[in-house]
>>> print(open('upload.cif').read())   # mmCIF, C-alpha atoms
data_final
#
loop_
_atom_site.label_atom_id
_atom_site.label_comp_id
_atom_site.auth_asym_id
_atom_site.auth_seq_id
_atom_site.Cartn_x
_atom_site.Cartn_y
_atom_site.Cartn_z
CA HIS A 21 -12.79 32.83 -4.25
CA VAL A 22 -9.78 31.86 -6.35
CA ARG A 23 -10.87 32.08 -9.96
CA SER A 24 -8.35 33.80 -12.18
CA ASP A 25 -5.00 32.35 -13.20
CA GLU A 26 -3.24 35.12 -11.33
CA ASP A 27 -5.21 34.35 -8.15
CA LYS A 28 -4.26 30.68 -8.42
CA ILE A 29 -0.59 31.49 -8.84
CA LYS A 30 -0.45 34.02 -6.01
CA SER A 31 -2.51 31.84 -3.63
CA ILE A 32 -0.50 28.66 -3.95
CA GLY A 33 2.39 30.12 -1.99
CA GLN A 34 0.43 30.12 1.26
CA TYR A 35 0.35 26.30 1.12
CA CYS A 36 4.11 25.94 0.63
CA ALA A 37 7.15 26.16 2.87
CA LYS A 38 8.96 29.51 2.71
CA ARG A 39 11.84 28.00 0.75
CA VAL A 40 9.46 26.64 -1.90
CA ARG A 41 7.46 29.87 -2.01
CA THR A 42 10.59 31.98 -2.64
CA PHE A 43 11.62 29.60 -5.41
CA LEU A 44 8.18 29.83 -7.05
CA GLU A 45 8.28 33.61 -6.84
CA GLY A 46 11.53 33.51 -8.80
CA LEU A 47 9.95 31.75 -11.78
CA THR A 48 9.20 33.84 -14.85
CA SER A 49 5.86 32.05 -15.19
CA TYR A 50 4.93 33.24 -11.67
CA HIS A 51 5.12 36.84 -12.83
CA ASP A 52 3.64 36.27 -16.30
CA GLY A 53 0.32 35.18 -14.79
CA SER A 54 -0.26 32.08 -16.94
CA TRP A 55 -1.48 29.27 -14.69
CA HIS A 56 -0.80 26.70 -17.41
CA GLU A 57 2.87 27.72 -17.74
CA PHE A 58 3.32 28.12 -13.99
CA LYS A 59 1.87 24.67 -13.32
CA LYS A 60 4.11 23.15 -16.00
CA ASP A 61 7.19 24.77 -14.42
CA PHE A 62 6.14 23.75 -10.92
CA LEU A 63 5.66 20.11 -11.91
CA ASN A 64 8.92 20.09 -13.88
CA TYR A 65 11.12 21.56 -11.14
CA TYR A 66 9.64 19.37 -8.44
CA ASP A 67 9.97 16.23 -10.58
CA ALA A 68 6.30 15.29 -10.64
CA GLU A 69 7.01 12.62 -13.25
CA ARG A 70 8.70 10.60 -10.50
CA ASP A 71 5.32 10.25 -8.81
CA GLU A 72 3.94 8.52 -11.90
CA LYS A 73 6.75 5.97 -11.79
CA ARG A 74 6.76 5.31 -8.08
CA PHE A 75 6.51 1.51 -8.20
CA LYS A 76 6.87 -1.31 -10.71
CA LYS A 77 5.66 -4.90 -10.56
CA LYS A 78 9.24 -5.81 -9.76
CA ASP A 79 8.98 -3.81 -6.51
CA LEU A 80 5.87 -5.72 -5.50
CA SER A 81 7.47 -9.04 -6.39
CA GLN A 82 10.53 -8.20 -4.26
CA TYR A 83 8.34 -7.14 -1.32
CA VAL A 84 6.24 -10.29 -1.53
CA THR A 85 9.29 -12.56 -1.78
CA SER A 86 11.18 -10.92 1.08
CA THR A 87 8.11 -10.93 3.34
CA ARG A 88 7.38 -14.57 2.66
CA ILE A 89 10.97 -15.53 3.51
CA LYS A 90 11.67 -13.21 6.45
CA SER A 91 8.33 -13.01 8.22
CA SER A 92 6.23 -15.22 10.38
CA PHE A 93 2.80 -13.99 11.23
CA THR A 94 2.32 -14.89 14.85
CA THR A 95 0.78 -11.60 15.95
CA LEU A 96 -1.84 -9.28 14.57
CA SER A 97 0.75 -6.50 14.55
CA SER A 98 3.10 -8.43 12.25
CA TRP A 99 0.19 -9.22 9.93
CA LYS A 100 -0.93 -5.59 9.78
CA LYS A 101 2.63 -4.48 9.04
CA TYR A 102 2.71 -6.81 6.02
CA ASP A 103 -0.73 -5.63 4.90
CA ARG A 104 0.25 -1.93 5.11
CA GLY A 105 3.44 -2.52 3.11
CA PHE A 106 1.54 -4.52 0.52
CA ILE A 107 -1.19 -1.90 0.13
CA ARG A 108 1.41 0.86 -0.25
CA ILE A 109 2.88 -0.82 -3.34
CA ALA A 110 0.05 -2.91 -4.81
CA GLY A 111 -2.61 -0.30 -4.12
CA TRP A 112 -0.63 2.29 -6.04
CA LEU A 113 0.03 -0.09 -8.95
CA HIS A 114 -3.64 -1.08 -9.06
CA SER A 115 -4.78 2.56 -9.00
CA LYS A 116 -2.53 3.24 -12.01
CA ASN A 117 -3.95 0.20 -13.86
CA LYS A 118 -0.60 -1.55 -13.73
CA LEU A 119 -2.11 -4.53 -11.87
CA THR A 120 -5.46 -6.25 -12.23
CA THR A 121 -7.54 -7.09 -9.16
CA GLU A 122 -6.77 -10.77 -9.70
CA GLU A 123 -3.02 -10.01 -9.79
CA VAL A 124 -3.35 -8.05 -6.54
CA ASP A 125 -5.05 -11.05 -4.92
CA PHE A 126 -2.37 -13.40 -6.27
CA TYR A 127 0.58 -11.32 -5.03
CA PHE A 128 -1.12 -10.77 -1.66
CA TRP A 129 -1.50 -14.52 -1.20
CA LYS A 130 2.07 -15.27 -2.30
CA GLY A 131 3.49 -12.82 0.25
CA ILE A 132 2.18 -14.89 3.15
CA PRO A 133 4.67 -17.40 4.59
CA ARG A 134 3.72 -21.00 3.79
CA ASP A 135 2.96 -22.09 7.37
CA PHE A 136 0.55 -19.23 7.98
CA ARG A 137 -0.85 -19.48 4.45
CA ASP A 138 -1.86 -23.08 5.19
CA LYS A 139 -3.79 -21.96 8.27
CA VAL A 140 -5.51 -19.17 6.38
CA GLU A 141 -6.40 -21.53 3.53
CA GLN A 142 -7.96 -24.00 5.97
CA LYS A 143 -10.06 -21.21 7.45
CA LEU A 144 -11.11 -19.94 4.02
CA LEU A 145 -12.08 -23.40 2.79
CA LEU A 146 -13.97 -24.09 6.01
CA ASP A 147 -15.98 -20.92 5.39
CA ASN A 148 -16.44 -21.69 1.67
CA PRO A 149 -15.85 -25.40 0.90
CA HIS A 150 -16.85 -25.05 -2.78
CA TYR A 151 -14.29 -22.35 -3.60
CA SER A 152 -12.67 -22.94 -6.98
CA SER A 153 -8.89 -23.13 -6.75
CA SER A 154 -8.58 -21.83 -10.31
CA LYS A 155 -8.50 -18.25 -9.00
CA PRO A 156 -6.68 -16.74 -6.04
CA PHE A 157 -8.59 -16.09 -2.83
CA LEU A 158 -9.93 -12.55 -2.63
CA SER A 159 -7.63 -10.31 -0.58
CA LYS A 160 -10.50 -9.06 1.54
CA ASN A 161 -11.38 -12.65 2.50
CA VAL A 162 -7.73 -13.46 3.23
CA ARG A 163 -7.49 -10.39 5.47
CA LYS A 164 -10.61 -11.36 7.36
CA ALA A 165 -9.44 -14.94 7.91
CA ALA A 166 -5.94 -13.87 8.98
CA GLU A 167 -7.29 -11.31 11.43
CA GLU A 168 -9.65 -13.91 12.90
CA LEU A 169 -6.75 -16.33 13.37
CA LEU A 170 -4.57 -13.66 14.99
CA GLN A 171 -7.17 -11.80 17.04
CA ARG A 172 -5.81 -10.34 20.24
CA SER A 173 -8.78 -11.43 22.32
CA ARG A 174 -8.27 -15.11 21.51
CA PHE A 175 -8.86 -17.27 24.59
CA ASP A 176 -5.41 -18.88 24.64
CA GLN A 177 -3.26 -15.82 23.99
CA GLU A 178 -1.96 -15.03 27.48
CA LEU A 179 -2.71 -17.81 29.94
CA LEU A 180 0.23 -20.12 29.15
CA PRO A 181 3.22 -20.00 26.82
CA SER A 182 2.42 -20.85 23.22
CA ASP A 183 2.65 -24.43 22.02
CA ASP A 184 5.83 -23.46 20.19
CA ASP A 185 7.63 -22.42 23.39
CA SER A 186 9.49 -25.21 25.12
CA VAL A 187 8.65 -24.58 28.76
CA ASP A 188 8.16 -27.27 31.36
CA ILE A 189 5.00 -26.86 33.39
#
>>> encode(input="upload.cif", output="structure tokens")
Amino acid sequence: HVRSDEDKIKSIGQYCAKRVRTFLEGLTSYHDGSWHEFKKDFLNYYDAERDEKRFKKKDLSQYVTSTRIKSSFTTLSSWKKYDRGFIRIAGWLHSKNKLTTEEVDFYFWKGIPRDFRDKVEQKLLLDNPHYSSSKPFLSKNVRKAAEELLQRSRFDQELLPSDDDSVDI
């Protein structure tokens, strides 16, 4: 039932912390009753412009490079951690039209360490042998292949040490 500018201004305080609410009540625009002016003040004082400049391509490039160098995807958890971090940056850039879908796919692929990327590529090409290498693999297909390779219910996950572990049996 919030319709008038004054109702909007007075009602917003119930969704804010007390400290924010007391600040808003101190604004001249709060008392003048102009929603347009109040909203402008609110966004200005709480630096809303920063939200529009949250990430740059450079941030994604740094994330992708550091992940590729520092990570090894041997567990589903490590893979999902990479995926979440990637989505946080690339998803935001894509939603702001700062990245094309093809660029998202490219960066996603380049963030995967080479040894795991080779395994994923083999799986992808096995599933689709006629895939054209002129375009990056679709992120959704890469995710699916990676999750299949790292599935927790895989038959050889817990019975013996991994092939990488040097343990005499």
>>> atom_distance(input="upload.cif", atom1="atom CA of Ser54 of chain A", atom2="atom CA of Lys73 of chain A")
27.5 Å
>>> closest_residue(input="upload.cif", among="A:Lys118, A:Gln142, A:Asp103, A:Lys76", to="Arg163 of chain A", atoms="only C-alpha atoms")
A:Asp103
>>> resolve_selection(input="upload.cif", expression="the PyMOL selection byres ((chain A and resi 26) around 8)", output="ChimeraX atom specification")
/A:24-25,27-30,53-55
>>> residues_around(input="upload.cif", residues="Leu113 of chain A", least_positions_apart="4", cutoff="8 Å", atoms="only C-alpha atoms", output="list in words")
Phe75, Lys76, Lys77, Ile109, Asn117, Lys118 and Leu119 of chain A
>>> closest_residue(input="upload.cif", among="A:Leu63, A:Phe136, A:Val124, A:Leu158", to="Ser98 of chain A", atoms="all atoms listed in the file")
A:Phe136
>>> residues_around(input="upload.cif", residues="Val140 of chain A", least_positions_apart="5", cutoff="10 Å", atoms="all atoms listed in the file", output="number ranges by chain")
A: 129, 132, 134-135, 145-146, 161-169
>>> closest_residue(input="upload.cif", among="A:Glu141, A:His21, A:Pro133, A:Leu170", to="Lys100 of chain A", atoms="all atoms listed in the file")
A:Leu170
>>> residues_around(input="upload.cif", residues="segment 121-123 of chain A", least_positions_apart="3", cutoff="10 Å", atoms="all atoms listed in the file", output="VMD selection string")
chain A and resid 110 to 111 114 117 to 118 126 to 129 155 to 159
>>> residues_around(input="upload.cif", residues="Asp61 of chain A", least_positions_apart="3", cutoff="12 Å", atoms="all atoms listed in the file", output="PyMOL selection string")
chain A and resi 29+43-50+54-58+64-68
>>> atom_distance(input="upload.cif", atom1="atom CA of Gly131 of chain A", atom2="atom CA of Ile89 of chain A")
8.6 Å
>>> closest_residue(input="upload.cif", among="A:Lys143, A:Phe62, A:Phe106, A:Lys101", to="Asp125 of chain A", atoms="all atoms listed in the file")
A:Phe106
>>> closest_residue(input="upload.cif", among="A:Ser154, A:Arg108, A:Thr85, A:Phe93", to="Lys139 of chain A", atoms="all atoms listed in the file")
A:Phe93
>>> closest_residue(input="upload.cif", among="A:Lys130, A:Arg172, A:Tyr35, A:Lys116", to="Ser81 of chain A", atoms="all atoms listed in the file")
A:Lys130
>>> atom_distance(input="upload.cif", atom1="atom CA of Thr94 of chain A", atom2="atom CA of Leu144 of chain A")
18.0 Å
>>> axis_aligned_box(input="upload.cif", around="segment 40-56 of chain A", padding_each_side="6 Å", output="lines of an AutoDock Vina configuration file")
center_x = 5.1
center_y = 31.7
center_z = -9.7
size_x = 25.1
size_y = 22.2
size_z = 27.5
